[in-house]
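Enquirer: Please find my_file_39.json (JSON, C-alpha atoms) on the next line:
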```json
[["chain", "number", "residue", "atom", "x", "y", "z"],
["A", 29, "MET", "CA", -15.90, -9.47, -2.11],
["A", 30, "THR", "CA", -15.69, -13.07, -3.30],
["A", 31, "SER", "CA", -12.21, -13.17, -4.82],
["A", 32, "MET", "CA", -8.83, -11.75, -3.82],
["A", 33, "ARG", "CA", -5.16, -11.41, -4.69],
["A", 34, "ALA", "CA", -2.97, -14.17, -3.29],
["A", 35, "LEU", "CA", 0.33, -15.96, -3.80],
["A", 36, "ARG", "CA", -0.26, -19.57, -4.85],
["A", 37, "GLN", "CA", 2.47, -22.22, -4.79],
["A", 38, "GLU", "CA", 2.06, -24.36, -7.89],
["A", 39, "SER", "CA", 4.61, -27.12, -7.23],
["A", 40, "ALA", "CA", 7.39, -28.27, -4.91],
["A", 41, "ASN", "CA", 10.03, -26.57, -7.08],
["A", 42, "GLY", "CA", 10.74, -23.70, -4.72],
["A", 43, "PRO", "CA", 9.97, -19.95, -4.63],
["A", 44, "ASP", "CA", 10.25, -19.63, -8.42],
["A", 45, "ASP", "CA", 6.92, -21.45, -8.68],
["A", 46, "LEU", "CA", 5.11, -19.08, -6.32],
["A", 47, "HIS", "CA", 2.78, -16.92, -8.43],
["A", 48, "LEU", "CA", 0.43, -14.00, -7.85],
["A", 49, "ILE", "CA", -3.18, -14.76, -8.73],
["A", 50, "THR", "CA", -6.18, -12.41, -8.64],
["A", 51, "ASP", "CA", -9.08, -14.86, -8.45],
["A", 52, "ALA", "CA", -8.44, -16.78, -5.23],
["A", 53, "PRO", "CA", -11.65, -17.33, -3.26],
["A", 54, "VAL", "CA", -12.01, -15.38, -0.02],
["A", 55, "PRO", "CA", -12.10, -18.00, 2.77],
["A", 56, "ALA", "CA", -14.93, -18.20, 5.30],
["A", 57, "PRO", "CA", -14.27, -18.59, 9.03],
["A", 58, "GLY", "CA", -15.49, -21.79, 10.65],
["A", 59, "PRO", "CA", -16.37, -22.34, 14.31],
["A", 60, "GLY", "CA", -13.72, -20.79, 16.55],
["A", 61, "GLU", "CA", -12.09, -18.94, 13.65],
["A", 62, "ILE", "CA", -11.85, -15.34, 12.49],
["A", 63, "LEU", "CA", -11.48, -13.81, 9.03],
["A", 64, "VAL", "CA", -8.69, -11.22, 8.91],
["A", 65, "LYS", "CA", -8.14, -8.57, 6.25],
["A", 66, "VAL", "CA", -4.38, -8.94, 5.96],
["A", 67, "THR", "CA", -2.27, -5.80, 6.20],
["A", 68, "ALA", "CA", 1.08, -7.53, 6.83],
["A", 69, "ALA", "CA", 2.15, -11.15, 6.28],
["A", 70, "GLY", "CA", 5.30, -12.53, 7.85],
["A", 71, "VAL", "CA", 7.85, -14.46, 5.79],
["A", 72, "ASN", "CA", 9.56, -17.37, 7.55],
["A", 73, "PHE", "CA", 12.02, -20.09, 6.59],
["A", 74, "ALA", "CA", 9.21, -22.60, 7.01],
["A", 75, "ASP", "CA", 7.61, -20.91, 3.97],
["A", 76, "VAL", "CA", 10.74, -21.66, 1.96],
["A", 77, "MET", "CA", 10.67, -25.28, 3.10],
["A", 78, "GLN", "CA", 7.00, -25.56, 2.15],
["A", 79, "THR", "CA", 7.74, -24.32, -1.37],
["A", 80, "ARG", "CA", 10.15, -27.27, -1.70],
["A", 81, "GLY", "CA", 7.87, -29.80, -0.05],
["A", 82, "THR", "CA", 10.30, -30.42, 2.82],
["A", 83, "TYR", "CA", 8.22, -29.05, 5.70],
["A", 84, "ALA", "CA", 6.72, -31.95, 7.66],
["A", 85, "GLY", "CA", 2.93, -31.79, 7.56],
["A", 86, "GLY", "CA", 2.99, -28.82, 5.19],
["A", 87, "PRO", "CA", 0.37, -28.25, 2.47],
["A", 88, "GLU", "CA", 0.57, -29.96, -0.90],
["A", 89, "ALA", "CA", 0.68, -27.80, -4.03],
["A", 90, "PRO", "CA", -1.25, -25.99, -5.28],
["A", 91, "TYR", "CA", -2.00, -23.92, -2.18],
["A", 92, "VAL", "CA", -2.15, -20.30, -1.05],
["A", 93, "ALA", "CA", 1.14, -19.80, 0.77],
["A", 94, "GLY", "CA", 2.02, -18.17, 4.08],
["A", 95, "PHE", "CA", 0.91, -18.82, 7.66],
["A", 96, "GLU", "CA", 1.63, -15.69, 9.72],
["A", 97, "ALA", "CA", -0.18, -12.37, 9.38],
["A", 98, "ALA", "CA", -1.54, -9.29, 11.08],
["A", 99, "GLY", "CA", -4.60, -7.32, 10.13],
["A", 100, "GLU", "CA", -8.19, -6.32, 10.89],
["A", 101, "VAL", "CA", -10.85, -8.80, 12.00],
["A", 102, "VAL", "CA", -13.72, -8.54, 9.51],
["A", 103, "ALA", "CA", -15.79, -11.66, 10.32],
["A", 104, "ALA", "CA", -16.01, -14.37, 12.98],
["A", 105, "GLY", "CA", -17.23, -17.94, 13.08],
["A", 106, "ASP", "CA", -19.59, -19.53, 15.58],
["A", 107, "GLY", "CA", -18.53, -19.39, 19.20],
["A", 108, "VAL", "CA", -16.04, -16.54, 18.83],
["A", 109, "LEU", "CA", -16.46, -13.90, 21.53],
["A", 110, "SER", "CA", -13.02, -12.37, 21.18],
["A", 111, "PRO", "CA", -11.40, -10.76, 19.26],
["A", 112, "ARG", "CA", -14.19, -8.56, 17.91],
["A", 113, "ILE", "CA", -14.90, -7.18, 14.47],
["A", 114, "GLY", "CA", -12.61, -4.22, 13.85],
["A", 115, "ASP", "CA", -9.84, -5.37, 16.20],
["A", 116, "HIS", "CA", -6.32, -5.62, 14.83],
["A", 117, "VAL", "CA", -4.61, -8.91, 15.64],
["A", 118, "VAL", "CA", -1.56, -10.99, 14.77],
["A", 119, "GLY", "CA", -1.68, -14.77, 14.52],
["A", 120, "ILE", "CA", -1.04, -17.87, 12.48],
["A", 121, "GLY", "CA", -3.09, -19.93, 10.03],
["A", 122, "GLY", "CA", -2.97, -21.15, 6.45],
["A", 123, "GLY", "CA", -3.05, -18.85, 3.42],
["A", 124, "ALA", "CA", -1.48, -15.71, 4.89],
["A", 125, "PHE", "CA", 0.02, -14.46, 1.61],
["A", 126, "ALA", "CA", -3.30, -13.02, 0.51],
["A", 127, "GLU", "CA", -5.68, -10.14, 1.04],
["A", 128, "TYR", "CA", -7.76, -12.21, 3.49],
["A", 129, "MET", "CA", -6.98, -15.23, 5.67],
["A", 130, "VAL", "CA", -8.63, -17.36, 8.34],
["A", 131, "MET", "CA", -6.93, -18.01, 11.68],
["A", 132, "PRO", "CA", -7.96, -19.61, 15.00],
["A", 133, "ALA", "CA", -9.40, -16.98, 17.33],
["A", 134, "ALA", "CA", -7.77, -18.57, 20.38],
["A", 135, "GLY", "CA", -4.28, -17.97, 18.99],
["A", 136, "ALA", "CA", -4.86, -14.43, 17.75],
["A", 137, "VAL", "CA", -3.14, -11.73, 19.82],
["A", 138, "PRO", "CA", -4.14, -8.05, 19.82],
["A", 139, "VAL", "CA", -1.67, -5.73, 18.11],
["A", 140, "PRO", "CA", -0.18, -3.77, 21.05],
["A", 141, "GLU", "CA", -1.37, -0.21, 21.48],
["A", 142, "GLY", "CA", 0.81, 2.21, 19.55],
["A", 143, "TRP", "CA", 2.21, -0.50, 17.25],
["A", 144, "SER", "CA", 1.52, -0.80, 13.54],
["A", 145, "ASP", "CA", 0.50, -4.15, 12.09],
["A", 146, "ASP", "CA", 3.90, -4.34, 10.36],
["A", 147, "GLN", "CA", 5.65, -3.89, 13.70],
["A", 148, "ALA", "CA", 3.58, -6.64, 15.34],
["A", 149, "ILE", "CA", 4.57, -9.33, 12.84],
["A", 150, "GLY", "CA", 6.68, -11.87, 14.68],
["A", 151, "LEU", "CA", 5.05, -11.41, 18.10],
["A", 152, "ILE", "CA", 3.72, -14.97, 18.05],
["A", 153, "LEU", "CA", 6.01, -16.88, 15.73],
["A", 154, "ASN", "CA", 9.33, -15.26, 16.68],
["A", 155, "TRP", "CA", 8.99, -13.89, 20.20],
["A", 156, "VAL", "CA", 6.90, -16.70, 21.64],
["A", 157, "THR", "CA", 9.10, -19.34, 20.00],
["A", 158, "ALA", "CA", 12.20, -17.69, 21.51],
["A", 159, "LEU", "CA", 10.48, -17.32, 24.87],
["A", 160, "ALA", "CA", 9.36, -20.97, 24.91],
["A", 161, "ALA", "CA", 12.85, -22.14, 23.94],
["A", 162, "LEU", "CA", 14.48, -20.12, 26.71],
["A", 163, "LYS", "CA", 12.08, -20.49, 29.64],
["A", 164, "PRO", "CA", 9.79, -23.54, 29.98],
["A", 165, "LEU", "CA", 11.88, -25.75, 27.70],
["A", 166, "GLY", "CA", 15.42, -24.39, 27.97],
["A", 167, "ARG", "CA", 15.12, -23.46, 31.67],
["A", 168, "VAL", "CA", 17.54, -20.56, 31.31],
["A", 169, "ALA", "CA", 18.86, -19.07, 34.55],
["A", 170, "ALA", "CA", 20.74, -15.87, 35.32],
["A", 171, "GLY", "CA", 24.49, -16.34, 34.97],
["A", 172, "GLU", "CA", 24.24, -19.12, 32.39],
["A", 173, "THR", "CA", 25.66, -18.92, 28.87],
["A", 174, "VAL", "CA", 23.30, -19.21, 25.91],
["A", 175, "LEU", "CA", 24.40, -19.91, 22.33],
["A", 176, "VAL", "CA", 21.97, -18.63, 19.70],
["A", 177, "GLN", "CA", 22.36, -20.07, 16.20],
["A", 178, "ALA", "CA", 21.08, -17.89, 13.31],
["A", 179, "ALA", "CA", 21.13, -14.95, 15.71],
["A", 180, "ALA", "CA", 20.30, -12.39, 13.00],
["A", 181, "GLY", "CA", 17.03, -14.09, 12.05],
["A", 182, "GLY", "CA", 13.59, -13.28, 13.43],
["A", 183, "VAL", "CA", 13.64, -15.81, 16.28],
["A", 184, "GLY", "CA", 17.36, -15.34, 16.82],
["A", 185, "GLN", "CA", 17.07, -11.59, 17.37],
["A", 186, "ALA", "CA", 14.25, -12.08, 19.86],
["A", 187, "ALA", "CA", 16.24, -14.80, 21.63],
["A", 188, "VAL", "CA", 19.30, -12.57, 22.04],
["A", 189, "ARG", "CA", 17.26, -9.79, 23.64],
["A", 190, "LEU", "CA", 15.34, -12.17, 25.88],
["A", 191, "ALA", "CA", 18.38, -14.13, 27.03],
["A", 192, "LYS", "CA", 20.10, -10.88, 28.04],
["A", 193, "HIS", "CA", 16.94, -9.79, 29.87],
["A", 194, "TYR", "CA", 16.98, -13.01, 31.89],
["A", 195, "GLY", "CA", 20.60, -12.43, 32.92],
["A", 196, "ALA", "CA", 22.44, -14.80, 30.58],
["A", 197, "THR", "CA", 25.71, -14.30, 28.74],
["A", 198, "VAL", "CA", 24.83, -14.54, 25.04],
["A", 199, "ILE", "CA", 26.93, -15.84, 22.16],
["A", 200, "GLY", "CA", 25.37, -15.21, 18.74],
["A", 201, "ILE", "CA", 26.27, -17.16, 15.61],
["A", 202, "THR", "CA", 25.60, -15.51, 12.25],
["A", 203, "SER", "CA", 27.11, -14.60, 8.88],
["A", 204, "PRO", "CA", 30.03, -12.13, 8.87],
["A", 205, "GLY", "CA", 28.04, -9.20, 7.51],
["A", 206, "LYS", "CA", 25.46, -9.42, 10.29],
["A", 207, "HIS", "CA", 27.72, -9.27, 13.35],
["A", 208, "ASP", "CA", 27.09, -5.62, 14.15],
["A", 209, "SER", "CA", 23.30, -5.98, 14.15],
["A", 210, "VAL", "CA", 23.46, -8.93, 16.55],
["A", 211, "ARG", "CA", 25.95, -7.16, 18.80],
["A", 212, "ALA", "CA", 23.61, -4.16, 18.90],
["A", 213, "LEU", "CA", 20.89, -6.41, 20.34],
["A", 214, "GLY", "CA", 23.09, -7.11, 23.35],
["A", 215, "ALA", "CA", 25.06, -10.22, 22.41],
["A", 216, "ASP", "CA", 28.27, -10.50, 24.43],
["A", 217, "ARG", "CA", 30.12, -12.28, 21.60],
["A", 218, "VAL", "CA", 29.26, -12.75, 17.93],
["A", 219, "LEU", "CA", 30.95, -15.48, 15.89],
["A", 220, "ASP", "CA", 30.82, -16.88, 12.36],
["A", 221, "TYR", "CA", 29.26, -20.23, 11.56],
["A", 222, "GLY", "CA", 31.81, -22.97, 12.16],
["A", 223, "ALA", "CA", 33.61, -21.17, 14.98],
["A", 224, "GLU", "CA", 34.48, -23.32, 17.97],
["A", 225, "VAL", "CA", 32.50, -22.51, 21.10],
["A", 226, "GLU", "CA", 33.30, -23.59, 24.64],
["A", 227, "ALA", "CA", 30.76, -25.58, 26.67],
["A", 228, "VAL", "CA", 27.55, -23.59, 27.14],
["A", 229, "ASP", "CA", 24.48, -24.16, 29.27],
["A", 230, "LEU", "CA", 21.84, -23.74, 26.56],
["A", 231, "VAL", "CA", 21.87, -23.81, 22.75],
["A", 232, "LEU", "CA", 18.99, -22.52, 20.61],
["A", 233, "GLU", "CA", 19.26, -24.48, 17.37],
["A", 234, "SER", "CA", 17.31, -23.79, 14.18],
["A", 235, "VAL", "CA", 19.86, -24.35, 11.44],
["A", 236, "GLY", "CA", 20.48, -28.08, 11.11],
["A", 237, "GLY", "CA", 23.14, -29.62, 8.91],
["A", 238, "THR", "CA", 26.71, -29.33, 10.19],
["A", 239, "THR", "CA", 25.59, -26.52, 12.51],
["A", 240, "PHE", "CA", 23.34, -28.97, 14.36],
["A", 241, "THR", "CA", 26.33, -31.19, 15.08],
["A", 242, "ALA", "CA", 28.25, -28.14, 16.34],
["A", 243, "SER", "CA", 25.31, -27.25, 18.59],
["A", 244, "LEU", "CA", 25.33, -30.69, 20.20],
["A", 245, "ALA", "CA", 29.07, -30.48, 20.75],
["A", 246, "ALA", "CA", 28.81, -27.01, 22.32],
["A", 247, "ALA", "CA", 26.40, -28.03, 25.10],
["A", 248, "LYS", "CA", 27.86, -28.93, 28.49],
["A", 249, "ARG", "CA", 27.95, -32.62, 29.25],
["A", 250, "VAL", "CA", 25.17, -33.80, 31.59],
["A", 251, "THR", "CA", 23.56, -30.41, 32.29],
["A", 252, "GLY", "CA", 23.63, -28.76, 28.83],
["A", 253, "ARG", "CA", 20.39, -28.29, 26.91],
["A", 254, "VAL", "CA", 19.79, -27.98, 23.16],
["A", 255, "VAL", "CA", 16.36, -26.76, 22.03],
["A", 256, "VAL", "CA", 15.68, -27.52, 18.36],
["A", 257, "TYR", "CA", 13.03, -25.43, 16.57],
["A", 258, "GLY", "CA", 14.16, -25.51, 12.93],
["A", 259, "VAL", "CA", 15.93, -27.53, 10.25],
["A", 260, "ALA", "CA", 16.82, -24.81, 7.75],
["A", 261, "GLY", "CA", 20.19, -26.32, 6.84],
["A", 262, "GLY", "CA", 19.03, -29.90, 6.45],
["A", 263, "GLU", "CA", 18.20, -32.98, 8.48],
["A", 264, "VAL", "CA", 20.80, -34.69, 10.67],
["A", 265, "PRO", "CA", 20.30, -38.15, 12.22],
["A", 266, "ILE", "CA", 21.16, -38.77, 15.87],
["A", 267, "THR", "CA", 20.95, -42.15, 17.57],
["A", 268, "ASN", "CA", 20.42, -43.43, 21.09],
["A", 269, "ARG", "CA", 24.06, -44.53, 20.98],
["A", 270, "ASP", "CA", 25.11, -40.94, 20.26],
["A", 271, "LEU", "CA", 23.21, -39.69, 23.31],
["A", 272, "ASN", "CA", 24.56, -42.46, 25.51],
["A", 273, "PHE", "CA", 28.24, -42.35, 24.56],
["A", 274, "ARG", "CA", 28.89, -39.08, 22.72],
["A", 275, "TYR", "CA", 26.43, -36.35, 23.75],
["A", 276, "GLN", "CA", 25.25, -36.64, 27.35],
["A", 277, "ILE", "CA", 22.88, -33.67, 27.01],
["A", 278, "HIS", "CA", 19.23, -32.71, 27.16],
["A", 279, "LEU", "CA", 17.89, -32.61, 23.57],
["A", 280, "ILE", "CA", 14.50, -30.88, 23.31],
["A", 281, "GLY", "CA", 12.22, -30.40, 20.30],
["A", 282, "LEU", "CA", 9.98, -27.35, 19.89],
["A", 283, "HIS", "CA", 7.24, -26.68, 17.33],
["A", 284, "LEU", "CA", 5.08, -23.69, 18.25],
["A", 285, "GLY", "CA", 1.94, -25.01, 16.55],
["A", 286, "VAL", "CA", 2.15, -28.26, 18.51],
["A", 287, "LEU", "CA", 2.80, -26.35, 21.74],
["A", 288, "ILE", "CA", -0.30, -24.18, 21.19],
["A", 289, "GLU", "CA", -2.44, -27.27, 20.47],
["A", 290, "GLN", "CA", -1.05, -29.74, 23.01],
["A", 291, "ALA", "CA", -0.03, -27.42, 25.88],
["A", 292, "PRO", "CA", -2.52, -24.52, 25.92],
["A", 293, "THR", "CA", -1.76, -23.75, 29.57],
["A", 294, "ILE", "CA", 1.92, -23.25, 28.79],
["A", 295, "PHE", "CA", 0.99, -21.11, 25.78],
["A", 296, "ALA", "CA", -1.27, -18.96, 27.97],
["A", 297, "GLU", "CA", 1.59, -18.49, 30.46],
["A", 298, "LEU", "CA", 3.92, -17.51, 27.61],
["A", 299, "MET", "CA", 1.39, -14.93, 26.41],
["A", 300, "ASP", "CA", 1.09, -13.48, 29.93],
["A", 301, "GLU", "CA", 4.87, -13.14, 30.08],
["A", 302, "LEU", "CA", 4.98, -11.63, 26.58],
["A", 303, "ARG", "CA", 2.55, -8.92, 27.65],
["A", 304, "GLU", "CA", 4.81, -8.11, 30.60],
["A", 305, "LEU", "CA", 7.84, -7.98, 28.28],
["A", 306, "ILE", "CA", 5.99, -5.55, 26.00],
["A", 307, "ALA", "CA", 5.02, -3.39, 28.99],
["A", 308, "VAL", "CA", 8.63, -3.04, 30.16],
["A", 309, "GLY", "CA", 9.99, -2.47, 26.65],
["A", 310, "VAL", "CA", 12.02, -5.67, 26.28],
["A", 311, "CYS", "CA", 9.75, -6.78, 23.45],
["A", 312, "ALA", "CA", 9.73, -3.68, 21.28],
["A", 313, "PRO", "CA", 8.06, -2.86, 17.94],
["A", 314, "GLY", "CA", 9.84, -4.53, 15.07],
["A", 315, "THR", "CA", 11.39, -2.83, 12.04],
["A", 316, "PRO", "CA", 10.78, -5.39, 9.30],
["A", 317, "THR", "CA", 11.89, -5.27, 5.70],
["A", 318, "VAL", "CA", 8.70, -4.79, 3.68],
["A", 319, "TYR", "CA", 8.00, -6.24, 0.23],
["A", 320, "ASP", "CA", 4.92, -5.93, -1.96],
["A", 321, "LEU", "CA", 2.85, -9.11, -2.12],
["A", 322, "ALA", "CA", 3.83, -9.55, -5.77],
["A", 323, "ASP", "CA", 7.49, -9.65, -4.70],
["A", 324, "GLY", "CA", 6.91, -12.59, -2.38],
["A", 325, "PRO", "CA", 8.96, -15.02, -4.52],
["A", 326, "LYS", "CA", 11.90, -12.59, -4.34],
["A", 327, "ALA", "CA", 11.59, -12.30, -0.54],
["A", 328, "LEU", "CA", 11.57, -16.09, -0.13],
["A", 329, "ALA", "CA", 14.53, -16.53, -2.49],
["A", 330, "GLU", "CA", 16.58, -13.93, -0.59],
["A", 331, "LEU", "CA", 15.68, -15.57, 2.72],
["A", 332, "GLU", "CA", 16.71, -18.97, 1.36],
["A", 333, "ALA", "CA", 20.03, -17.49, 0.22],
["A", 334, "ARG", "CA", 20.57, -16.06, 3.74],
["A", 335, "ALA", "CA", 20.78, -12.60, 2.21],
["A", 336, "THR", "CA", 18.34, -11.06, 4.72],
["A", 337, "SER", "CA", 18.39, -10.01, 8.37],
["A", 338, "GLY", "CA", 15.53, -9.74, 10.82],
["A", 339, "LYS", "CA", 11.85, -9.99, 9.95],
["A", 340, "LEU", "CA", 10.47, -9.88, 6.40],
["A", 341, "VAL", "CA", 6.92, -8.74, 5.65],
["A", 342, "LEU", "CA", 4.69, -8.93, 2.58],
["A", 343, "ARG", "CA", 2.11, -6.18, 2.20],
["A", 344, "PRO", "CA", -1.00, -7.08, 0.13]]
```
Show me this structure written as structure tokens.

Expert:
Amino acid sequence: MTSMRALRQESANGPDDLHLITDAPVPAPGPGEILVKVTAAGVNFADVMQTRGTYAGGPEAPYVAGFEAAGEVVAAGDGVLSPRIGDHVVGIGGGAFAEYMVMPAAGAVPVPEGWSDDQAIGLILNWVTALAALKPLGRVAAGETVLVQAAAGGVGQAAVRLAKHYGATVIGITSPGKHDSVRALGADRVLDYGAEVEAVDLVLESVGGTTFTASLAAAKRVTGRVVVYGVAGGEVPITNRDLNFRYQIHLIGLHLGVLIEQAPTIFAELMDELRELIAVGVCAPGTPTVYDLADGPKALAELEARATSGKLVLRP
């Protein structure tokens, strides 16, 4: 097979300019890479940002969209010993909204036994991001209070479950219609965006805009930490003067791709912990909302409008 179905972004005009094509070339894996026959592709807010050209370091149109997928390994590049042909894995790489994609072998994780590929979407991007934000970066401890912005999203849901597992009191922030789903994950309190929150030990911040300012204000002076892993609601400037005189807090940036590349030892430790969390049932199979590949523009538009909850999956 030399060509495949894929979703190609034609411009920086948003999801409306994401189109299904049938003649995209099947990529070939290079050294250290694997070729995966995609069975499930994850939809993330970063995909929305890329369609508008606002994701730092993102691809320039035209490009095959998507960067998270699960599926069967069908070919491997030089130097790849694991995973093997026929294994089912989940991982990240460019061009996931397609029938085939290439991803780095070192970052590909086996789909847990008994899980479908659909259920494994989010293991890396959502669960490991939440785990990194809480543990090595956020330094969460039992008895602390954690504020999770966008608690009904993919990372947010994982963060709520993990924070409760580590003994924290959890406050989730989300839209009014999503309170029950976040409460069901174990959140102790669920509030609307804009609600005032007392000083907390750790804030997981992915929204940006006015919510980012609220996150900074919610963290305890001196000891409070804010881990930033998204800018969905827009960019907000903060100065050294702000940190000196207004927010005496620990402000920490997190980008999973950079962590995997620059701190492989930390990533390996996170993966070891993730396997333990799967074994004890804290990290459980997901129940994503599934769209056909051709409906990818609709999925991205609904995500951008905050009309979705939990993980979204495209099925080629």

Enquirer: Looking at all atoms listed in the file, which of A:Leu305, A:Ile266, A:Val76, A:Ala133 is the one that sits closest to Glu330 in chain A?

Expert: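 Smallest separation from Glu330 in chain A among the options: A:Val76.
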
Enquirer: Go through A:Val108, A:Val137, A:Gly181, A:Thr315 and flag the residue nearest Asp300 in chain A, using all atoms listed in the file for the distances.

Expert: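 Result for the nearest residue to Asp300 in chain A: A:Val137.
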
Enquirer: Can you tell me, as a PyMOL selection string, what residues are no more than 10 Å from range 244-260 of chain A when counting all atoms listed in the file, ignoring any on the same chain fewer than 6 positions away?

Expert: chain A and resi 73-74+76-77+82-83+157-158+160-162+165-168+173-175+178+183+224-237+271+274-284+332

Enquirer: Would you compute the box with edges along x, y and z of the file around range 249-259 of chain A, including every atom the file lists for it and 8 Å extra on each side, and give its centre and edge lengths in Å to one decimal, as JSON?

Expert:
```
{"center_x": 20.5, "center_y": -29.6, "center_z": 21.3, "size_x": 30.9, "size_y": 24.4, "size_z": 38.0}
```

Enquirer: Excluding same-chain residues fewer than 5 positions from Pro53 in chain A, what lies within 10 Å of it counting all atoms listed in the file, as a PyMOL selection string?

Expert: chain A and resi 29-34+128

Enquirer: For the atom pair CA of Gly205 in chain A and CA of Ala312 in chain A, what is the interatomic distance in Å to one decimal place?

Expert: 23.6 Å

Enquirer: Just give me the gap between CA of Val54 in chain A and CA of Tyr319 in chain A in Å, one decimal is fine.

Expert: 22.0 Å
